[in-house]
Amino acid sequence: SGLINTGSTVCFIAAVQVPAGAAPVDVTAGTSDNVSFTVTSTTLPSVSDTIFGAVDVNLVAQIQLDPDRSGSVTSPGTIQYTHTLLNGSNTSASCTISGSGGSHSWTYQYSLDGTTWASSLTGVSVAANGGSQTLYVRVLTPAGQPIGRIDVNTLTATCTVGSTTASDTATETTTVVGGELSLSKSAVSYVGSTPTVRSGDGSQAYPGDQIVYTVLAQNIGTGNLTQVILTDPLPSYTSFVSVSATFSGFGTGAQVLFSTNGTTWSTSALTSLSAGSSIYVAVDTNGDSTITSADLMPPSATITIVFRVQVQ
């Protein structure tokens, strides 16, 4: 402070910075003060004085449930979805998980571990400041459902956060298909080409951002499927970046083939794709470098496509 003459006054401003993620607190001034400021004379070290103050930390209640999901199922059949419940609050959350689906006598079940299932979940604890919990949803469709029937389940997380309540929703759109092939698609958008996620369900993206679509096909029946070809169009107002594919459950010697027309096939992944065009992916199981009815997809076999595009 420098020299302060007798009877003089010097004023100071103290800035108190609350650490990120600090727990909420409501302090009573004079009773539970949580900051203090002390002045000590440098010429007479035994002379000092202290004042106290109270700094409240506000409650931040922020719950996020992502992503939206979609998939196909046979009748009868079963499909499973996964979601992430994220707690961005500065205190822990206790949540109830429920859904609105179940039209047409469909059954929805919920789980925290993918093993133990219930019609709803209560007391789901999620830690503060970015804590997360994976949620599993299982959809069971009864026999007799017509092909093309759709049921939308709105999954809701209602959480008690401190003295308030916060909630968020995610949707699951399930379509009944014929045969025994299950198909699902998800998306994640990234800031430019970086690993930083812009949106966990791909619903938000800006020019220059990249969106990664993941398409999963699985033979959920008990018999072989023939000539299974997956196709996905290049979305409007995007440019092709890359495509890759993997598979599991096929016999020895099987290989992934790529095409832009579903007729001419190559073992090399596509390096370009014009606007309005689509990617085609299939697994050659008999080694003739093309896809015909002789190519079989065994029960439980899967084909996964990762399709990356850039927003124009």
# chains A, B, ... in the order shown; residues from 1 in each chain; ligands from 1
call {"tool": "select_by_dssp", "arguments": {"residues": "region 18-172 of chain A", "states": "strand (DSSP E or B)", "output": "ChimeraX atom specification"}}
result
/A:25,35-40,48-53,57,63-66,69-73,77-87,93-99,107-111,118,121-126,131-141,150-161,164-172
call {"tool": "residues_around", "arguments": {"residues": "Asp56 (chain A)", "least_positions_apart": "6", "cutoff": "7 Å", "atoms": "only C-alpha atoms", "output": "PyMOL selection string"}}
result
chain A and resi 25-27
call {"tool": "residues_around", "arguments": {"residues": "Thr31 (chain A)", "least_positions_apart": "3", "cutoff": "12 Å", "atoms": "only C-alpha atoms", "output": "PyMOL selection string"}}
result
chain A and resi 26-28+34-35+52-54
call {"tool": "residues_around", "arguments": {"residues": "Ser239 (chain A)", "least_positions_apart": "5", "cutoff": "10 Å", "atoms": "only C-alpha atoms", "output": "number ranges by chain"}}
result
A: 208, 210, 234, 272-275, 308-312
call {"tool": "write_last_selection", "arguments": {"atoms": "N, CA, C and O atoms", "output": "mmCIF file, in the first residue's frame"}}
result
data_model
loop_
_atom_site.group_PDB
_atom_site.id
_atom_site.type_symbol
_atom_site.label_atom_id
_atom_site.label_comp_id
_atom_site.auth_asym_id
_atom_site.auth_seq_id
_atom_site.Cartn_x
_atom_site.Cartn_y
_atom_site.Cartn_z
ATOM 1 N N GLY A 208 -17.846 -26.308 -42.807
ATOM 2 C CA GLY A 208 -16.495 -26.724 -42.461
ATOM 3 C C GLY A 208 -16.448 -27.851 -41.453
ATOM 4 O O GLY A 208 -15.429 -28.536 -41.331
ATOM 5 N N GLN A 210 -17.377 -31.576 -39.852
ATOM 6 C CA GLN A 210 -17.512 -32.902 -40.439
ATOM 7 C C GLN A 210 -18.519 -33.723 -39.641
ATOM 8 O O GLN A 210 -18.602 -33.598 -38.414
ATOM 9 N N LEU A 234 -25.041 -39.506 -50.274
ATOM 10 C CA LEU A 234 -24.292 -38.342 -49.818
ATOM 11 C C LEU A 234 -25.299 -37.242 -49.490
ATOM 12 O O LEU A 234 -26.049 -36.814 -50.360
ATOM 13 N N SER A 272 -13.741 -40.618 -53.623
ATOM 14 C CA SER A 272 -14.521 -39.455 -54.029
ATOM 15 C C SER A 272 -15.955 -39.899 -54.306
ATOM 16 O O SER A 272 -16.217 -41.082 -54.569
ATOM 17 N N LEU A 273 -16.864 -38.944 -54.243
ATOM 18 C CA LEU A 273 -18.274 -39.228 -54.504
ATOM 19 C C LEU A 273 -18.936 -37.925 -54.915
ATOM 20 O O LEU A 273 -18.839 -36.917 -54.202
ATOM 21 N N SER A 274 -19.594 -37.935 -56.049
ATOM 22 C CA SER A 274 -20.216 -36.719 -56.561
ATOM 23 C C SER A 274 -21.538 -36.443 -55.868
ATOM 24 O O SER A 274 -22.164 -37.338 -55.289
ATOM 25 N N ALA A 275 -21.973 -35.190 -55.936
ATOM 26 C CA ALA A 275 -23.228 -34.782 -55.319
ATOM 27 C C ALA A 275 -24.387 -35.603 -55.875
ATOM 28 O O ALA A 275 -24.459 -35.865 -57.075
ATOM 29 N N ARG A 308 -17.918 -40.493 -43.604
ATOM 30 C CA ARG A 308 -17.579 -39.135 -43.149
ATOM 31 C C ARG A 308 -17.787 -38.121 -44.257
ATOM 32 O O ARG A 308 -17.326 -38.331 -45.395
ATOM 33 N N VAL A 309 -18.488 -37.027 -43.954
ATOM 34 C CA VAL A 309 -18.729 -35.962 -44.921
ATOM 35 C C VAL A 309 -18.385 -34.626 -44.280
ATOM 36 O O VAL A 309 -18.264 -34.519 -43.056
ATOM 37 N N GLN A 310 -18.227 -33.596 -45.108
ATOM 38 C CA GLN A 310 -17.941 -32.251 -44.617
ATOM 39 C C GLN A 310 -19.043 -31.306 -45.068
ATOM 40 O O GLN A 310 -19.467 -31.316 -46.228
ATOM 41 N N VAL A 311 -19.505 -30.484 -44.128
ATOM 42 C CA VAL A 311 -20.592 -29.540 -44.437
ATOM 43 C C VAL A 311 -20.036 -28.406 -45.297
ATOM 44 O O VAL A 311 -18.991 -27.831 -44.992
ATOM 45 N N GLN A 312 -20.757 -28.106 -46.360
ATOM 46 C CA GLN A 312 -20.299 -27.060 -47.280
ATOM 47 C C GLN A 312 -20.581 -25.660 -46.711
ATOM 48 O O GLN A 312 -21.477 -25.487 -45.900
#
call {"tool": "residues_around", "arguments": {"residues": "Val212 (chain A)", "least_positions_apart": "2", "cutoff": "6 Å", "atoms": "only C-alpha atoms", "output": "compact mmCIF listing (two decimals) with N, CA and C atoms, in the first residue's frame"}}
result
# COMPACT_ATOMS: atom_id res chain seq x y z
N ALA A 187 -25.21 -40.68 -35.90
CA ALA A 187 -24.36 -39.62 -36.45
C ALA A 187 -23.74 -38.82 -35.31
N VAL A 188 -22.51 -38.33 -35.55
CA VAL A 188 -21.82 -37.43 -34.63
C VAL A 188 -21.17 -36.34 -35.47
N PHE A 307 -19.12 -43.47 -42.51
CA PHE A 307 -19.24 -42.57 -43.67
C PHE A 307 -19.03 -41.14 -43.17
N ARG A 308 -17.92 -40.49 -43.60
CA ARG A 308 -17.58 -39.14 -43.15
C ARG A 308 -17.79 -38.12 -44.26
call {"tool": "closest_residue", "arguments": {"among": "A:Asn58, A:Asn5, A:Thr122, A:Thr42", "to": "Thr91 (chain A)", "atoms": "only C-alpha atoms"}}
result
A:Asn58
call {"tool": "atom_distance", "arguments": {"atom1": "CA of Ser289 (chain A)", "atom2": "CA of Phe258 (chain A)"}}
result
10.3 Å
call {"tool": "residues_around", "arguments": {"residues": "Thr154 (chain A)", "least_positions_apart": "4", "cutoff": "10 Å", "atoms": "only C-alpha atoms", "output": "ChimeraX atom specification"}}
result
/A:68,98-101,169-173
call {"tool": "write_last_selection", "arguments": {"atoms": "all heavy atoms", "output": "PDB file, in the first residue's frame"}}
result
ATOM      1  N   ASP A  68     -30.183 -39.011 -30.164  1.00  0.00           N
ATOM      2  CA  ASP A  68     -31.378 -39.638 -30.722  1.00  0.00           C
ATOM      3  C   ASP A  68     -30.945 -40.878 -31.501  1.00  0.00           C
ATOM      4  O   ASP A  68     -29.863 -40.904 -32.093  1.00  0.00           O
ATOM      5  CB  ASP A  68     -32.123 -38.674 -31.646  1.00  0.00           C
ATOM      6  CG  ASP A  68     -32.704 -37.491 -30.888  1.00  0.00           C
ATOM      7  OD1 ASP A  68     -32.915 -37.604 -29.674  1.00  0.00           O
ATOM      8  OD2 ASP A  68     -32.938 -36.449 -31.527  1.00  0.00           O
ATOM      9  N   SER A  98     -37.506 -42.773 -17.809  1.00  0.00           N
ATOM     10  CA  SER A  98     -38.760 -43.358 -18.277  1.00  0.00           C
ATOM     11  C   SER A  98     -38.922 -43.071 -19.762  1.00  0.00           C
ATOM     12  O   SER A  98     -38.191 -42.263 -20.337  1.00  0.00           O
ATOM     13  CB  SER A  98     -39.952 -42.790 -17.495  1.00  0.00           C
ATOM     14  OG  SER A  98     -40.039 -41.388 -17.670  1.00  0.00           O
ATOM     15  N   GLY A  99     -39.891 -43.728 -20.378  1.00  0.00           N
ATOM     16  CA  GLY A  99     -40.130 -43.535 -21.806  1.00  0.00           C
ATOM     17  C   GLY A  99     -41.612 -43.496 -22.109  1.00  0.00           C
ATOM     18  O   GLY A  99     -42.448 -43.975 -21.326  1.00  0.00           O
ATOM     19  N   SER A 100     -41.944 -42.923 -23.274  1.00  0.00           N
ATOM     20  CA  SER A 100     -43.340 -42.779 -23.678  1.00  0.00           C
ATOM     21  C   SER A 100     -43.759 -43.821 -24.706  1.00  0.00           C
ATOM     22  O   SER A 100     -44.914 -43.849 -25.116  1.00  0.00           O
ATOM     23  CB  SER A 100     -43.556 -41.378 -24.271  1.00  0.00           C
ATOM     24  OG  SER A 100     -42.802 -41.225 -25.482  1.00  0.00           O
ATOM     25  N   GLY A 101     -42.812 -44.657 -25.160  1.00  0.00           N
ATOM     26  CA  GLY A 101     -43.127 -45.629 -26.206  1.00  0.00           C
ATOM     27  C   GLY A 101     -43.988 -46.762 -25.689  1.00  0.00           C
ATOM     28  O   GLY A 101     -44.250 -46.874 -24.487  1.00  0.00           O
ATOM     29  N   THR A 169     -34.402 -34.993 -22.977  1.00  0.00           N
ATOM     30  CA  THR A 169     -34.999 -36.138 -23.660  1.00  0.00           C
ATOM     31  C   THR A 169     -34.147 -36.560 -24.852  1.00  0.00           C
ATOM     32  O   THR A 169     -33.331 -35.791 -25.365  1.00  0.00           O
ATOM     33  CB  THR A 169     -36.416 -35.808 -24.168  1.00  0.00           C
ATOM     34  OG1 THR A 169     -36.345 -34.726 -25.111  1.00  0.00           O
ATOM     35  CG2 THR A 169     -37.334 -35.414 -23.024  1.00  0.00           C
ATOM     36  N   ALA A 170     -34.350 -37.791 -25.270  1.00  0.00           N
ATOM     37  CA  ALA A 170     -33.789 -38.325 -26.514  1.00  0.00           C
ATOM     38  C   ALA A 170     -34.865 -39.218 -27.127  1.00  0.00           C
ATOM     39  O   ALA A 170     -35.701 -39.778 -26.410  1.00  0.00           O
ATOM     40  CB  ALA A 170     -32.511 -39.116 -26.259  1.00  0.00           C
ATOM     41  N   THR A 171     -34.868 -39.334 -28.438  1.00  0.00           N
ATOM     42  CA  THR A 171     -35.903 -40.123 -29.100  1.00  0.00           C
ATOM     43  C   THR A 171     -35.300 -41.367 -29.739  1.00  0.00           C
ATOM     44  O   THR A 171     -34.135 -41.393 -30.129  1.00  0.00           O
ATOM     45  CB  THR A 171     -36.626 -39.311 -30.189  1.00  0.00           C
ATOM     46  OG1 THR A 171     -35.672 -38.870 -31.175  1.00  0.00           O
ATOM     47  CG2 THR A 171     -37.320 -38.102 -29.589  1.00  0.00           C
ATOM     48  N   GLU A 172     -36.136 -42.394 -29.828  1.00  0.00           N
ATOM     49  CA  GLU A 172     -35.791 -43.646 -30.501  1.00  0.00           C
ATOM     50  C   GLU A 172     -36.913 -43.949 -31.491  1.00  0.00           C
ATOM     51  O   GLU A 172     -38.069 -44.106 -31.093  1.00  0.00           O
ATOM     52  CB  GLU A 172     -35.672 -44.778 -29.492  1.00  0.00           C
ATOM     53  CG  GLU A 172     -34.598 -44.554 -28.449  1.00  0.00           C
ATOM     54  CD  GLU A 172     -34.855 -45.335 -27.178  1.00  0.00           C
ATOM     55  OE1 GLU A 172     -35.960 -45.907 -27.029  1.00  0.00           O
ATOM     56  OE2 GLU A 172     -33.959 -45.349 -26.324  1.00  0.00           O
ATOM     57  N   THR A 173     -36.553 -44.000 -32.761  1.00  0.00           N
ATOM     58  CA  THR A 173     -37.533 -44.264 -33.811  1.00  0.00           C
ATOM     59  C   THR A 173     -37.272 -45.656 -34.374  1.00  0.00           C
ATOM     60  O   THR A 173     -36.213 -45.902 -34.963  1.00  0.00           O
ATOM     61  CB  THR A 173     -37.444 -43.218 -34.928  1.00  0.00           C
ATOM     62  OG1 THR A 173     -37.611 -41.908 -34.367  1.00  0.00           O
ATOM     63  CG2 THR A 173     -38.507 -43.456 -35.976  1.00  0.00           C
TER      64      THR A 173
END
call {"tool": "residues_around", "arguments": {"residues": "Gly249 (chain A)", "least_positions_apart": "6", "cutoff": "10 Å", "atoms": "only C-alpha atoms", "output": "list in words"}}
result
Gln218, Asn219, Met297, Pro298, Pro299, Ser300, Ala301, Thr302 and Ile303 of chain A
call {"tool": "closest_residue", "arguments": {"among": "A:Thr264, A:Thr164, A:Thr304, A:Gln62", "to": "Lys185 (chain A)", "atoms": "only C-alpha atoms"}}
result
A:Thr304
call {"tool": "closest_residue", "arguments": {"among": "A:Gly192, A:Gly77, A:Gly200, A:Gly88", "to": "Val139 (chain A)", "atoms": "only C-alpha atoms"}}
result
A:Gly77
call {"tool": "closest_residue", "arguments": {"among": "A:Ala143, A:Leu135, A:Val283, A:Ala128", "to": "Ser248 (chain A)", "atoms": "only C-alpha atoms"}}
result
A:Val283
call {"tool": "decode", "arguments": {"residues": "region 52-91 of chain A", "atoms": "N, CA and C atoms", "output": "mmCIF file, in the first residue's frame"}}
result
data_model
loop_
_atom_site.group_PDB
_atom_site.id
_atom_site.type_symbol
_atom_site.label_atom_id
_atom_site.label_comp_id
_atom_site.auth_asym_id
_atom_site.auth_seq_id
_atom_site.Cartn_x
_atom_site.Cartn_y
_atom_site.Cartn_z
ATOM 1 N N PHE A 52 -14.218 -10.035 7.227
ATOM 2 C CA PHE A 52 -14.740 -11.258 6.622
ATOM 3 C C PHE A 52 -15.830 -10.915 5.610
ATOM 4 N N GLY A 53 -16.063 -11.860 4.706
ATOM 5 C CA GLY A 53 -17.100 -11.664 3.700
ATOM 6 C C GLY A 53 -17.739 -12.984 3.317
ATOM 7 N N ALA A 54 -18.855 -12.886 2.629
ATOM 8 C CA ALA A 54 -19.612 -14.070 2.224
ATOM 9 C C ALA A 54 -19.765 -14.078 0.710
ATOM 10 N N VAL A 55 -19.361 -15.173 0.088
ATOM 11 C CA VAL A 55 -19.507 -15.335 -1.365
ATOM 12 C C VAL A 55 -20.402 -16.549 -1.616
ATOM 13 N N ASP A 56 -21.561 -16.299 -2.206
ATOM 14 C CA ASP A 56 -22.459 -17.396 -2.585
ATOM 15 C C ASP A 56 -22.021 -17.995 -3.910
ATOM 16 N N VAL A 57 -22.143 -19.305 -4.043
ATOM 17 C CA VAL A 57 -21.927 -19.991 -5.321
ATOM 18 C C VAL A 57 -23.277 -20.500 -5.795
ATOM 19 N N ASN A 58 -23.726 -20.018 -6.946
ATOM 20 C CA ASN A 58 -25.048 -20.383 -7.456
ATOM 21 C C ASN A 58 -25.085 -21.828 -7.931
ATOM 22 N N LEU A 59 -26.254 -22.414 -7.823
ATOM 23 C CA LEU A 59 -26.474 -23.759 -8.345
ATOM 24 C C LEU A 59 -26.601 -23.707 -9.864
ATOM 25 N N VAL A 60 -25.836 -24.555 -10.553
ATOM 26 C CA VAL A 60 -25.965 -24.719 -12.000
ATOM 27 C C VAL A 60 -26.532 -26.108 -12.252
ATOM 28 N N ALA A 61 -27.728 -26.164 -12.812
ATOM 29 C CA ALA A 61 -28.399 -27.447 -13.068
ATOM 30 C C ALA A 61 -28.475 -27.665 -14.575
ATOM 31 N N GLN A 62 -27.729 -28.642 -15.056
ATOM 32 C CA GLN A 62 -27.653 -28.879 -16.503
ATOM 33 C C GLN A 62 -27.531 -30.377 -16.759
ATOM 34 N N ILE A 63 -28.554 -30.933 -17.385
ATOM 35 C CA ILE A 63 -28.606 -32.350 -17.703
ATOM 36 C C ILE A 63 -28.719 -32.520 -19.217
ATOM 37 N N GLN A 64 -27.960 -33.457 -19.783
ATOM 38 C CA GLN A 64 -27.988 -33.689 -21.232
ATOM 39 C C GLN A 64 -28.108 -35.180 -21.509
ATOM 40 N N LEU A 65 -29.082 -35.536 -22.354
ATOM 41 C CA LEU A 65 -29.312 -36.935 -22.738
ATOM 42 C C LEU A 65 -29.173 -37.047 -24.248
ATOM 43 N N ASP A 66 -28.197 -37.810 -24.721
ATOM 44 C CA ASP A 66 -27.896 -37.944 -26.151
ATOM 45 C C ASP A 66 -27.506 -39.376 -26.467
ATOM 46 N N PRO A 67 -27.505 -39.763 -27.756
ATOM 47 C CA PRO A 67 -28.112 -39.049 -28.881
ATOM 48 C C PRO A 67 -29.498 -39.612 -29.179
ATOM 49 N N ASP A 68 -30.183 -39.011 -30.164
ATOM 50 C CA ASP A 68 -31.378 -39.638 -30.722
ATOM 51 C C ASP A 68 -30.945 -40.878 -31.501
ATOM 52 N N ARG A 69 -31.792 -41.892 -31.515
ATOM 53 C CA ARG A 69 -31.461 -43.143 -32.194
ATOM 54 C C ARG A 69 -32.584 -43.557 -33.133
ATOM 55 N N SER A 70 -32.221 -44.373 -34.131
ATOM 56 C CA SER A 70 -33.213 -44.973 -35.012
ATOM 57 C C SER A 70 -32.715 -46.346 -35.432
ATOM 58 N N GLY A 71 -33.647 -47.246 -35.701
ATOM 59 C CA GLY A 71 -33.265 -48.592 -36.098
ATOM 60 C C GLY A 71 -34.462 -49.358 -36.611
ATOM 61 N N SER A 72 -34.217 -50.570 -37.058
ATOM 62 C CA SER A 72 -35.279 -51.417 -37.601
ATOM 63 C C SER A 72 -35.303 -52.738 -36.853
ATOM 64 N N VAL A 73 -36.468 -53.367 -36.835
ATOM 65 C CA VAL A 73 -36.651 -54.598 -36.084
ATOM 66 C C VAL A 73 -37.673 -55.457 -36.810
ATOM 67 N N THR A 74 -37.566 -56.761 -36.636
ATOM 68 C CA THR A 74 -38.538 -57.663 -37.226
ATOM 69 C C THR A 74 -39.701 -57.879 -36.265
ATOM 70 N N SER A 75 -40.696 -58.601 -36.718
ATOM 71 C CA SER A 75 -41.852 -58.917 -35.877
ATOM 72 C C SER A 75 -42.080 -60.432 -35.874
ATOM 73 N N PRO A 76 -41.857 -61.117 -34.725
ATOM 74 C CA PRO A 76 -41.340 -60.553 -33.475
ATOM 75 C C PRO A 76 -39.850 -60.261 -33.570
ATOM 76 N N GLY A 77 -39.358 -59.417 -32.680
ATOM 77 C CA GLY A 77 -37.934 -59.091 -32.717
ATOM 78 C C GLY A 77 -37.535 -58.208 -31.553
ATOM 79 N N THR A 78 -36.240 -57.962 -31.457
ATOM 80 C CA THR A 78 -35.680 -57.151 -30.370
ATOM 81 C C THR A 78 -34.581 -56.269 -30.928
ATOM 82 N N ILE A 79 -34.527 -55.023 -30.471
ATOM 83 C CA ILE A 79 -33.437 -54.116 -30.823
ATOM 84 C C ILE A 79 -33.022 -53.369 -29.573
ATOM 85 N N GLN A 80 -31.749 -53.045 -29.464
ATOM 86 C CA GLN A 80 -31.228 -52.360 -28.278
ATOM 87 C C GLN A 80 -30.554 -51.053 -28.673
ATOM 88 N N TYR A 81 -30.837 -50.001 -27.912
ATOM 89 C CA TYR A 81 -30.227 -48.690 -28.126
ATOM 90 C C TYR A 81 -29.397 -48.313 -26.899
ATOM 91 N N THR A 82 -28.409 -47.446 -27.100
ATOM 92 C CA THR A 82 -27.632 -46.908 -25.988
ATOM 93 C C THR A 82 -27.656 -45.385 -26.039
ATOM 94 N N HIS A 83 -27.659 -44.767 -24.868
ATOM 95 C CA HIS A 83 -27.627 -43.310 -24.737
ATOM 96 C C HIS A 83 -26.665 -42.948 -23.616
ATOM 97 N N THR A 84 -26.234 -41.694 -23.596
ATOM 98 C CA THR A 84 -25.366 -41.192 -22.535
ATOM 99 C C THR A 84 -26.065 -40.063 -21.802
ATOM 100 N N LEU A 85 -26.168 -40.209 -20.477
ATOM 101 C CA LEU A 85 -26.723 -39.166 -19.617
ATOM 102 C C LEU A 85 -25.555 -38.410 -18.994
ATOM 103 N N LEU A 86 -25.465 -37.112 -19.295
ATOM 104 C CA LEU A 86 -24.332 -36.286 -18.868
ATOM 105 C C LEU A 86 -24.807 -35.233 -17.867
ATOM 106 N N ASN A 87 -24.108 -35.138 -16.751
ATOM 107 C CA ASN A 87 -24.443 -34.150 -15.726
ATOM 108 C C ASN A 87 -23.440 -33.005 -15.778
ATOM 109 N N GLY A 88 -23.874 -31.869 -16.330
ATOM 110 C CA GLY A 88 -23.023 -30.685 -16.389
ATOM 111 C C GLY A 88 -23.229 -29.762 -15.207
ATOM 112 N N SER A 89 -23.968 -30.217 -14.202
ATOM 113 C CA SER A 89 -24.254 -29.400 -13.021
ATOM 114 C C SER A 89 -23.030 -29.349 -12.101
ATOM 115 N N ASN A 90 -23.072 -28.400 -11.156
ATOM 116 C CA ASN A 90 -21.970 -28.318 -10.193
ATOM 117 C C ASN A 90 -22.292 -29.044 -8.887
ATOM 118 N N THR A 91 -23.257 -29.954 -8.964
ATOM 119 C CA THR A 91 -23.527 -30.876 -7.864
ATOM 120 C C THR A 91 -24.098 -32.156 -8.453
#
